[in-house]
$ cat protein-v1.cif   # mmCIF, C-alpha atoms and all ligand atoms
data_input
loop_
_atom_site.label_atom_id
_atom_site.label_comp_id
_atom_site.auth_asym_id
_atom_site.auth_seq_id
_atom_site.Cartn_x
_atom_site.Cartn_y
_atom_site.Cartn_z
CA MET A 457 -8.40 87.37 0.77
CA TYR A 458 -8.66 88.89 -2.67
CA LEU A 459 -10.64 92.00 -1.95
CA PRO A 460 -8.90 94.93 -0.34
CA GLN A 461 -10.58 96.20 2.78
CA LEU A 462 -11.21 99.54 1.16
CA LEU A 463 -13.79 98.15 -1.17
CA LEU A 464 -15.40 96.07 1.49
CA ALA A 465 -15.73 99.17 3.57
CA LEU A 466 -17.26 101.08 0.71
CA LEU A 467 -19.64 98.42 -0.43
CA THR A 468 -20.85 97.60 3.03
CA LEU A 469 -21.21 101.29 3.68
CA VAL A 470 -23.42 101.60 0.62
CA ASP A 471 -25.84 99.08 1.86
CA SER A 472 -25.81 100.09 5.49
CA ALA A 473 -26.40 103.69 4.61
CA LEU A 474 -29.21 102.57 2.38
CA SER A 475 -30.80 100.45 5.00
CA LYS A 476 -32.44 103.42 6.68
CA CYS A 477 -35.56 104.48 4.90
CA ASN A 478 -36.84 108.01 5.01
CA GLY A 479 -39.90 107.19 2.95
CA HIS A 480 -42.99 109.28 2.93
CA HIS A 481 -46.16 108.18 1.32
CA HIS A 482 -47.08 110.27 -1.70
CA HIS A 483 -50.55 109.65 -2.97
CA GLN A 484 -50.81 109.24 -6.70
CA ALA A 485 -53.39 111.27 -8.52
CA GLY A 486 -55.06 110.81 -11.86
CA SER A 487 -54.99 107.02 -12.16
CA VAL A 488 -57.12 105.72 -14.99
CA GLN A 489 -58.80 102.39 -14.62
CA HIS A 490 -61.44 100.92 -16.82
CA ARG A 491 -62.96 97.59 -16.04
CA LYS A 492 -62.18 96.37 -19.54
CA THR A 493 -59.47 97.69 -21.83
CA ALA A 494 -58.34 96.39 -25.23
CA ILE A 495 -54.89 97.24 -26.56
CA THR A 496 -55.24 96.75 -30.30
CA ASN A 497 -52.78 96.62 -33.21
CA VAL A 498 -49.78 95.47 -31.22
CA LEU A 499 -46.97 92.97 -31.67
CA VAL A 500 -47.08 90.98 -28.43
CA TRP A 501 -43.85 89.62 -26.88
CA ASP A 502 -44.27 85.83 -26.63
CA GLY A 503 -41.42 85.28 -24.17
CA THR A 504 -38.71 84.85 -26.78
CA LYS A 505 -39.70 87.05 -29.73
CA PHE A 506 -42.34 89.23 -31.36
CA PRO A 507 -44.66 87.53 -33.87
CA ARG A 508 -45.10 88.91 -37.37
CA SER A 509 -48.74 89.80 -37.04
CA ARG A 510 -50.48 92.26 -34.79
CA SER A 511 -53.06 91.26 -32.24
CA THR A 512 -55.16 92.61 -29.39
CA VAL A 513 -54.63 92.18 -25.66
CA VAL A 514 -57.71 92.48 -23.47
CA ILE A 515 -57.48 93.45 -19.80
CA VAL A 516 -60.38 92.79 -17.44
CA ASP A 517 -60.15 94.04 -13.86
CA GLY A 518 -56.36 94.32 -14.05
CA ILE A 519 -55.80 90.80 -15.39
CA ILE A 520 -54.98 89.72 -18.94
CA SER A 521 -58.12 88.09 -20.26
CA ASN A 522 -59.26 85.86 -23.10
CA GLU A 523 -62.50 87.81 -23.42
CA ASN A 524 -63.13 89.62 -26.70
CA SER A 525 -62.90 93.38 -26.88
CA VAL A 526 -66.66 94.06 -26.98
CA GLY A 527 -67.43 96.89 -24.59
CA ALA A 528 -63.78 97.61 -23.90
CA VAL A 529 -62.08 100.98 -23.88
CA ILE A 530 -59.85 100.75 -26.97
CA ILE A 531 -56.21 101.81 -26.91
CA ASN A 532 -54.83 101.72 -30.45
CA GLY A 533 -51.27 100.39 -30.19
CA LYS A 534 -50.50 101.60 -33.74
CA GLY A 535 -48.21 98.70 -34.58
CA GLY A 536 -46.15 99.13 -31.43
CA PHE A 537 -44.44 96.48 -29.34
CA LEU A 538 -46.11 95.22 -26.16
CA ILE A 539 -43.80 93.76 -23.49
CA PRO A 540 -44.39 92.61 -19.90
CA GLY A 541 -43.70 95.27 -17.27
CA LEU A 542 -40.00 95.41 -16.39
CA ILE A 543 -38.74 94.05 -13.06
CA ASP A 544 -35.80 95.61 -11.20
CA SER A 545 -34.43 92.91 -8.89
CA HIS A 546 -32.28 95.21 -6.74
CA VAL A 547 -33.32 98.64 -5.47
CA HIS A 548 -33.13 100.58 -2.20
CA LEU A 549 -36.45 102.39 -1.99
CA THR A 550 -35.63 105.33 0.24
CA ASP A 551 -38.85 107.12 -0.66
CA CYS A 552 -42.22 105.78 -1.84
CA ALA A 553 -42.25 108.51 -4.50
CA TYR A 554 -39.60 106.58 -6.45
CA LEU A 555 -42.25 104.04 -7.38
CA ALA A 556 -43.83 106.61 -9.72
CA THR A 557 -40.40 107.28 -11.25
CA LEU A 558 -39.84 103.57 -11.82
CA GLN A 559 -43.24 103.30 -13.45
CA LYS A 560 -42.42 106.08 -15.90
CA TYR A 561 -39.48 104.01 -17.12
CA GLY A 562 -41.59 100.88 -17.53
CA VAL A 563 -40.54 99.22 -14.25
CA THR A 564 -43.70 97.71 -12.76
CA THR A 565 -42.09 95.56 -10.04
CA ALA A 566 -39.12 96.49 -7.83
CA LEU A 567 -37.41 94.37 -5.20
CA ASP A 568 -35.91 96.22 -2.26
CA MET A 569 -32.75 94.72 -0.80
CA GLY A 570 -32.38 96.08 2.70
CA THR A 571 -34.60 98.97 3.74
CA THR A 572 -35.15 98.93 7.51
CA PRO A 573 -37.73 98.39 8.82
CA TYR A 574 -39.63 96.34 6.25
CA GLU A 575 -42.77 98.33 7.00
CA ASP A 576 -41.17 101.43 5.40
CA VAL A 577 -41.25 99.59 2.08
CA ALA A 578 -44.47 97.67 2.61
CA LYS A 579 -46.42 100.86 3.32
CA CYS A 580 -45.57 102.17 -0.18
CA GLY A 581 -47.69 99.46 -1.77
CA GLU A 582 -50.68 100.89 -3.58
CA HIS A 583 -53.02 99.48 -6.20
CA GLY A 584 -51.96 100.47 -9.72
CA VAL A 585 -48.51 101.65 -8.61
CA THR A 586 -45.24 99.79 -9.22
CA ASP A 587 -45.26 96.76 -6.95
CA ILE A 588 -42.58 96.73 -4.26
CA ARG A 589 -41.26 93.85 -2.13
CA GLY A 590 -38.51 93.75 0.43
CA SER A 591 -36.22 91.94 2.84
CA GLY A 592 -36.33 94.32 5.79
CA ALA A 593 -33.01 94.54 7.63
CA ALA A 594 -30.15 92.68 6.01
CA GLY A 595 -28.22 90.28 8.23
CA THR A 596 -24.53 90.55 9.02
CA VAL A 597 -21.94 89.95 11.72
CA ASN A 598 -21.17 92.44 14.47
CA GLY A 599 -17.65 93.56 13.63
CA THR A 600 -18.00 94.09 9.88
CA LYS A 601 -17.95 97.66 8.59
CA ILE A 602 -21.67 97.67 8.09
CA SER A 603 -22.24 96.77 11.71
CA PHE A 604 -20.58 100.01 12.86
CA THR A 605 -22.97 102.22 10.91
CA PRO A 606 -24.95 104.38 13.31
CA GLY A 607 -28.48 103.12 13.56
CA PHE A 608 -27.76 99.73 12.06
CA PRO A 609 -30.34 97.45 13.66
CA THR A 610 -28.50 95.33 16.21
CA ASP A 611 -31.01 92.53 15.95
CA SER A 612 -29.68 91.76 12.50
CA PHE A 613 -26.25 90.83 13.85
CA PHE A 614 -25.51 87.17 14.12
CA SER A 615 -22.43 84.99 14.14
CA THR A 616 -23.78 81.63 15.26
CA PRO A 617 -26.32 79.26 13.72
CA GLU A 618 -28.64 79.86 16.66
CA ALA A 619 -28.52 83.65 16.25
CA GLY A 620 -28.93 83.23 12.49
CA ARG A 621 -32.13 81.29 13.07
CA ALA A 622 -33.37 84.01 15.42
CA PHE A 623 -32.64 86.61 12.71
CA VAL A 624 -34.81 84.66 10.27
CA ALA A 625 -37.58 84.38 12.86
CA SER A 626 -37.52 88.18 13.38
CA ARG A 627 -37.77 88.85 9.66
CA LYS A 628 -40.57 86.31 9.33
CA ALA A 629 -42.45 88.08 12.13
CA GLU A 630 -42.23 91.29 10.07
CA ARG A 631 -43.69 89.37 7.10
CA VAL A 632 -40.77 90.12 4.79
CA ASP A 633 -40.79 88.78 1.24
CA TYR A 634 -37.28 87.25 1.40
CA ILE A 635 -34.10 87.28 3.49
CA LYS A 636 -31.04 89.41 2.61
CA LEU A 637 -27.52 88.71 3.86
CA PHE A 638 -24.25 90.63 3.51
CA LEU A 639 -21.38 88.30 2.94
CA ASP A 640 -17.82 89.48 3.00
CA PRO A 641 -14.68 87.71 4.13
CA LEU A 642 -15.37 88.76 7.73
CA GLY A 643 -19.01 87.80 7.52
CA PRO A 644 -20.86 84.79 8.95
CA ASP A 645 -19.12 81.42 8.74
CA ASP A 646 -20.39 78.64 6.49
CA ALA A 647 -22.24 76.81 9.27
CA THR A 648 -24.11 79.99 10.19
CA ILE A 649 -25.08 80.79 6.61
CA LYS A 650 -26.28 77.23 6.10
CA ALA A 651 -28.40 77.49 9.25
CA VAL A 652 -29.94 80.75 7.98
CA VAL A 653 -30.70 79.16 4.61
CA LYS A 654 -32.29 76.14 6.25
CA ALA A 655 -34.39 78.25 8.64
CA ALA A 656 -35.48 80.53 5.80
CA HIS A 657 -36.47 77.60 3.63
CA GLN A 658 -38.54 76.17 6.48
CA GLU A 659 -40.45 79.47 6.40
CA ASP A 660 -40.65 79.32 2.60
CA LEU A 661 -38.40 82.38 2.26
CA GLN A 662 -35.60 82.70 -0.26
CA VAL A 663 -32.14 83.94 0.76
CA ILE A 664 -30.39 86.63 -1.27
CA ALA A 665 -26.69 87.19 -0.57
CA HIS A 666 -24.70 90.34 -1.30
CA ALA A 667 -21.32 89.19 -2.65
CA SER A 668 -19.05 91.57 -4.55
CA SER A 669 -15.74 89.81 -4.02
CA TYR A 670 -14.55 86.43 -5.26
CA VAL A 671 -14.23 85.05 -1.72
CA ALA A 672 -17.74 86.10 -0.72
CA TYR A 673 -19.18 84.83 -3.99
CA ALA A 674 -17.52 81.46 -3.50
CA GLN A 675 -18.92 81.26 0.02
CA ALA A 676 -22.45 82.13 -1.15
CA ALA A 677 -22.18 79.47 -3.85
CA ARG A 678 -20.96 76.66 -1.60
CA THR A 679 -23.40 77.43 1.23
CA GLY A 680 -26.37 77.25 -1.13
CA VAL A 681 -28.11 80.62 -0.86
CA ASP A 682 -30.90 81.03 -3.41
CA ILE A 683 -29.77 84.18 -5.17
CA ILE A 684 -26.45 86.03 -5.32
CA THR A 685 -26.51 89.76 -6.00
CA HIS A 686 -23.58 91.79 -7.44
CA ALA A 687 -20.59 90.20 -9.19
CA PRO A 688 -16.96 89.78 -8.14
CA ILE A 689 -15.03 92.93 -8.77
CA ASP A 690 -11.56 91.62 -7.77
CA LYS A 691 -11.30 88.29 -9.59
CA ALA A 692 -13.42 86.59 -12.25
CA LEU A 693 -15.39 83.51 -11.23
CA ASP A 694 -13.71 80.24 -12.13
CA ASP A 695 -15.19 76.80 -12.81
CA ASN A 696 -15.06 75.82 -9.13
CA VAL A 697 -17.46 78.57 -8.15
CA ILE A 698 -19.58 78.26 -11.27
CA ASN A 699 -19.98 74.54 -10.67
CA ASP A 700 -21.24 75.28 -7.15
CA VAL A 701 -23.69 77.81 -8.58
CA ILE A 702 -24.93 75.25 -11.11
CA SER A 703 -25.17 72.30 -8.73
CA ARG A 704 -27.05 74.32 -6.09
CA ASP A 705 -29.46 75.83 -8.61
CA ILE A 706 -28.46 79.39 -7.63
CA LYS A 707 -29.69 82.44 -9.55
CA VAL A 708 -27.86 85.73 -9.94
CA VAL A 709 -28.43 89.49 -10.16
CA PRO A 710 -25.08 90.95 -11.27
CA THR A 711 -25.78 94.74 -11.03
CA LEU A 712 -23.25 95.59 -13.76
CA LEU A 713 -23.82 99.35 -13.67
CA MET A 714 -23.33 99.50 -9.90
CA MET A 715 -20.11 97.50 -10.16
CA GLN A 716 -18.78 99.66 -13.00
CA SER A 717 -19.73 102.86 -11.19
CA THR A 718 -18.11 101.66 -7.97
CA ILE A 719 -14.91 100.82 -9.82
CA ASN A 720 -14.92 104.21 -11.51
CA ASN A 721 -15.72 106.17 -8.37
CA THR A 722 -13.32 104.40 -6.01
CA GLY A 723 -10.43 104.08 -8.46
CA ALA A 724 -9.11 101.11 -6.47
CA PRO A 725 -6.30 99.44 -8.42
CA PHE A 726 -7.35 95.79 -8.25
CA PHE A 727 -10.95 96.26 -9.26
CA LEU A 728 -11.64 95.55 -12.88
CA TYR A 729 -14.92 95.67 -14.74
CA ASP A 730 -13.60 92.80 -16.87
CA ASN A 731 -13.95 90.55 -13.81
CA VAL A 732 -17.60 91.53 -13.50
CA ALA A 733 -18.44 91.23 -17.20
CA HIS A 734 -16.52 87.99 -17.66
CA SER A 735 -18.15 86.37 -14.62
CA THR A 736 -21.61 87.40 -15.76
CA LYS A 737 -21.03 86.06 -19.25
CA SER A 738 -19.74 82.75 -17.83
CA LEU A 739 -22.85 82.42 -15.65
CA LEU A 740 -25.13 83.15 -18.62
CA HIS A 741 -23.31 80.59 -20.77
CA ALA A 742 -23.55 78.03 -17.97
CA GLY A 743 -27.33 78.39 -18.17
CA ILE A 744 -27.71 80.19 -14.84
CA PRO A 745 -30.77 82.46 -14.63
CA VAL A 746 -29.47 86.06 -14.67
CA ALA A 747 -31.85 88.86 -13.64
CA VAL A 748 -31.56 92.60 -14.12
CA GLY A 749 -30.91 94.62 -10.96
CA THR A 750 -29.64 98.17 -10.63
CA ASP A 751 -29.00 98.82 -6.91
CA SER A 752 -30.81 102.15 -7.48
CA ASN A 753 -30.43 104.42 -4.48
CA ASP A 754 -30.19 108.09 -3.65
CA ASN A 755 -27.70 108.01 -0.80
CA PRO A 756 -24.91 110.61 -1.16
CA PHE A 757 -22.55 108.64 1.10
CA VAL A 758 -22.20 105.58 -1.11
CA PRO A 759 -19.82 105.06 -4.06
CA ALA A 760 -22.53 105.25 -6.70
CA ASN A 761 -26.17 106.21 -7.02
CA PRO A 762 -27.84 104.50 -9.97
CA SER A 763 -31.03 106.41 -10.69
CA PHE A 764 -34.46 104.86 -10.32
CA GLY A 765 -35.88 103.55 -13.57
CA GLU A 766 -33.49 105.17 -16.01
CA SER A 767 -30.60 103.02 -14.77
CA LEU A 768 -32.48 99.85 -15.58
CA HIS A 769 -32.19 100.77 -19.24
CA GLU A 770 -28.46 101.36 -18.81
CA GLU A 771 -28.18 97.96 -17.08
CA LEU A 772 -29.92 96.36 -20.08
CA ARG A 773 -27.45 98.06 -22.42
CA MET A 774 -24.51 96.82 -20.34
CA MET A 775 -25.88 93.28 -20.33
CA VAL A 776 -25.98 93.33 -24.12
CA ALA A 777 -22.44 94.71 -24.16
CA ALA A 778 -21.45 91.79 -21.87
CA GLY A 779 -22.77 89.23 -24.34
CA PHE A 780 -26.54 88.94 -23.88
CA THR A 781 -28.71 89.17 -26.97
CA PRO A 782 -31.32 91.96 -26.73
CA SER A 783 -33.97 89.24 -26.28
CA GLN A 784 -32.02 87.63 -23.44
CA ALA A 785 -31.68 91.02 -21.78
CA LEU A 786 -35.43 91.54 -22.09
CA GLN A 787 -36.03 88.13 -20.52
CA ALA A 788 -33.62 89.07 -17.72
CA ALA A 789 -35.95 91.96 -16.86
CA THR A 790 -39.26 90.08 -17.25
CA SER A 791 -39.71 86.29 -17.28
CA VAL A 792 -36.41 85.43 -15.56
CA PRO A 793 -36.91 87.50 -12.38
CA ALA A 794 -40.57 86.41 -12.22
CA THR A 795 -39.34 82.82 -12.04
CA VAL A 796 -36.28 83.52 -9.87
CA PHE A 797 -38.31 85.39 -7.24
CA ARG A 798 -41.32 83.06 -7.57
CA MET A 799 -43.73 85.73 -8.78
CA ASP A 800 -45.85 83.46 -10.93
CA ASP A 801 -48.50 86.11 -11.54
CA ARG A 802 -46.31 88.23 -13.84
CA GLY A 803 -43.32 88.38 -16.19
CA ALA A 804 -45.19 87.37 -19.34
CA ILE A 805 -48.19 88.41 -21.41
CA LYS A 806 -50.54 85.51 -20.80
CA VAL A 807 -54.19 85.07 -19.90
CA GLY A 808 -54.61 85.11 -16.13
CA LEU A 809 -51.49 87.13 -15.33
CA ARG A 810 -51.39 90.69 -13.97
CA ALA A 811 -51.76 93.28 -16.70
CA ASP A 812 -48.33 94.82 -16.04
CA LEU A 813 -47.53 95.98 -19.55
CA VAL A 814 -45.34 98.42 -21.45
CA LEU A 815 -46.17 99.65 -24.94
CA LEU A 816 -43.08 100.59 -26.98
CA SER A 817 -42.97 102.31 -30.33
CA LYS A 818 -39.76 100.54 -31.42
CA ASP A 819 -38.57 96.92 -31.36
CA PRO A 820 -36.38 96.16 -28.29
CA SER A 821 -35.37 92.75 -29.65
CA LYS A 822 -33.54 94.54 -32.47
CA ASP A 823 -31.89 97.15 -30.27
CA ILE A 824 -32.24 97.03 -26.49
CA GLY A 825 -32.13 100.83 -26.44
CA ASN A 826 -35.64 100.66 -27.90
CA ALA A 827 -36.92 99.51 -24.51
CA LYS A 828 -36.85 103.24 -23.76
CA SER A 829 -39.34 104.07 -26.55
CA ILE A 830 -42.14 103.97 -24.00
CA VAL A 831 -45.61 105.03 -25.11
CA LYS A 832 -47.68 103.80 -22.17
CA VAL A 833 -47.27 101.73 -18.99
CA TRP A 834 -49.94 99.71 -17.19
CA VAL A 835 -49.67 98.35 -13.67
CA GLU A 836 -52.46 95.88 -12.92
CA GLY A 837 -54.30 97.35 -15.88
CA ILE A 838 -54.03 100.91 -14.60
CA SER A 839 -52.16 103.42 -16.74
CA LYS A 840 -51.03 106.89 -15.89
C1 LIG A 901 -20.80 94.71 18.75
O1 LIG A 901 -19.44 94.56 19.05
C2 LIG A 901 -18.91 95.60 19.83
C3 LIG A 901 -17.46 95.32 20.07
O2 LIG A 901 -16.78 95.33 18.87
C4 LIG A 901 -19.66 95.71 21.15
O3 LIG A 901 -19.18 96.82 21.87
C5 LIG A 901 -21.14 95.85 20.90
O4 LIG A 901 -21.85 95.81 22.12
C6 LIG A 901 -21.65 94.75 20.00
N1 LIG A 901 -23.04 94.98 19.69
C7 LIG A 901 -23.97 94.02 19.81
C8 LIG A 901 -25.35 94.42 19.52
O5 LIG A 901 -23.70 92.89 20.13
C1 LIG A 902 -16.60 104.29 -16.13
O1 LIG A 902 -15.43 104.81 -16.74
C2 LIG A 902 -15.28 104.42 -18.09
C3 LIG A 902 -13.90 104.87 -18.54
O2 LIG A 902 -13.72 106.23 -18.28
C4 LIG A 902 -16.39 105.06 -18.90
O3 LIG A 902 -16.28 104.67 -20.25
C5 LIG A 902 -17.72 104.58 -18.35
O4 LIG A 902 -18.79 105.22 -19.01
C6 LIG A 902 -17.83 104.83 -16.86
N1 LIG A 902 -19.05 104.18 -16.41
C7 LIG A 902 -19.72 104.53 -15.33
C8 LIG A 902 -20.97 103.79 -15.05
O5 LIG A 902 -19.37 105.42 -14.58
#

$ encode --input "protein-v1.cif" --output "structure tokens"
Amino acid sequence: MYLPQLLLALLTLVDSALSKCNGHHHHQAGSVQHRKTAITNVLVWDGTKFPRSRSTVVIVDGIISNENSVGAVIINGKGGFLIPGLIDSHVHLTDCAYLATLQKYGVTTALDMGTTPYEDVAKCGEHGVTDIRGSGAAGTVNGTKISFTPGFPTDSFFSTPEAGRAFVASRKAERVDYIKLFLDPLGPDDATIKAVVKAAHQEDLQVIAHASSYVAYAQAARTGVDIITHAPIDKALDDNVINDVISRDIKVVPTLLMMQSTINNTGAPFFLYDNVAHSTKSLLHAGIPVAVGTDSNDNPFVPANPSFGESLHEELRMMVAAGFTPSQALQAATSVPATVFRMDDRGAIKVGLRADLVLLSKDPSKDIGNAKSIVKVWVEGISK
């Protein structure tokens, strides 16, 4: 076992504490929707770069359209840069009001990773507000630190393939968007994880595994979960693990800021950010899809509390520092997560997709910090 129990305790505590949602529904006021809007004079992100010449993007009923701009409400983009709405692939939405905060920072889709019950996240969904999806309760074994957290839902404990299948069936009954597991060296055995993955796939649900130690990461990789979130803090990934990730077509959400903050705040001697950064760079270079996730939360009892929205921009900066080009970082927050999480209605600026858009005044492909130069944000064509 490479990871000292201290960290396991802390990291599982983070997520267990976050798994209770105290959300209240805050109604948004002042939404502006026009049936047809034309954003003129903009450089439109084509998925890999900005073109040299400006063009117009037309939105009809919340969808990017190939209609002309006749009769549209005109928004003059003034030579700005139009990018797809940003996607945060790891948040803990403890209050619906955070959706408005995310939106302010250009995040138009957020993926919750463990709020219990799922309904507390699902009820936050509102037309024209940052889109939220979730896993409901995350699964673990009775006996891990997380399982001792007061209020942790006992129906998400499992340690046998049969119980793992029942866990998936319960989540399916709640209509969750995907399945979340906590793996740590005391967690479910390989046979149980494989049974969960198989049952989830039969229900057309993806499986996301929390793995912040080398041992847990290796287990997630060899058992064939769909997506691994976090990065190993105690030991960099080696070719054995990376080959499993490649051969099983696994995608990753490294949460660099959360890992760095946890290292800083716990001060544990064997945790090194180099392990996190090196592993993430190796995965990128191996061609693995890497998506931006922040682990944003507001729980005072966890090692770190990345802020909603703002931290996504810090995550982008850290990805560039870890070896991504600014364009790759932008893809990691737009087209990559759309593909990874099978959201084929977004992640690009193309006719027929949702008009989730961010207008920037400065070029983020030159300097990723420019992704913060936000002029206007649209969610399904609605801007605030
Ligand atoms: C979890 O394990 C403890 C013993 O460690 C036991 O007392 C408790 O009843 C178990 N909970 C469930 C839901 O199985
Ligand atoms: C972690 O600590 C390092 C060294 O003091 C500092 O440079 C960095 O900004 C800190 N990062 C976070 C996210 O706390």

$ closest_residue --input "protein-v1.cif" --among "A:Ser591, A:Thr750, A:Thr504, A:Asn721" --to "ligand LIG 902 (chain A)" --atoms "all atoms listed in the file"
A:Asn721

$ residues_near_ligand --input "protein-v1.cif" --ligand "ligand LIG 902 (chain A)" --cutoff "7 Å" --atoms "only C-alpha atoms and all ligand atoms" --output "PyMOL selection string"
chain A and resi 713+716-717+720

$ closest_atom_pairs --input "protein-v1.cif" --of "chain A" --to "ligand LIG 901 (chain A)" --cutoff "7 Å" --atoms "only C-alpha atoms and all ligand atoms" --output "CSV"
residue,atom,partner,partner_atom,distance
A:Asn598,CA,A:LIG901,C1,4.9
A:Gly599,CA,A:LIG901,O2,5.6
A:Thr610,CA,A:LIG901,C8,4.7
A:Asp611,CA,A:LIG901,C8,7.0
A:Phe613,CA,A:LIG901,C8,6.8

$ closest_residue --input "protein-v1.cif" --among "A:Ala733, A:Leu712, A:Val748, A:Ala593" --to "A:Gly765" --atoms "all atoms listed in the file"
A:Val748

$ closest_residue --input "protein-v1.cif" --among "A:Leu728, A:Val807, A:Ala827, A:Val708" --to "A:Val513" --atoms "only C-alpha atoms"
A:Val807

$ closest_residue --input "protein-v1.cif" --among "A:Asp695, A:Glu771, A:Asp517, A:Asp646" --to "A:Ile543" --atoms "all atoms listed in the file"
A:Glu771
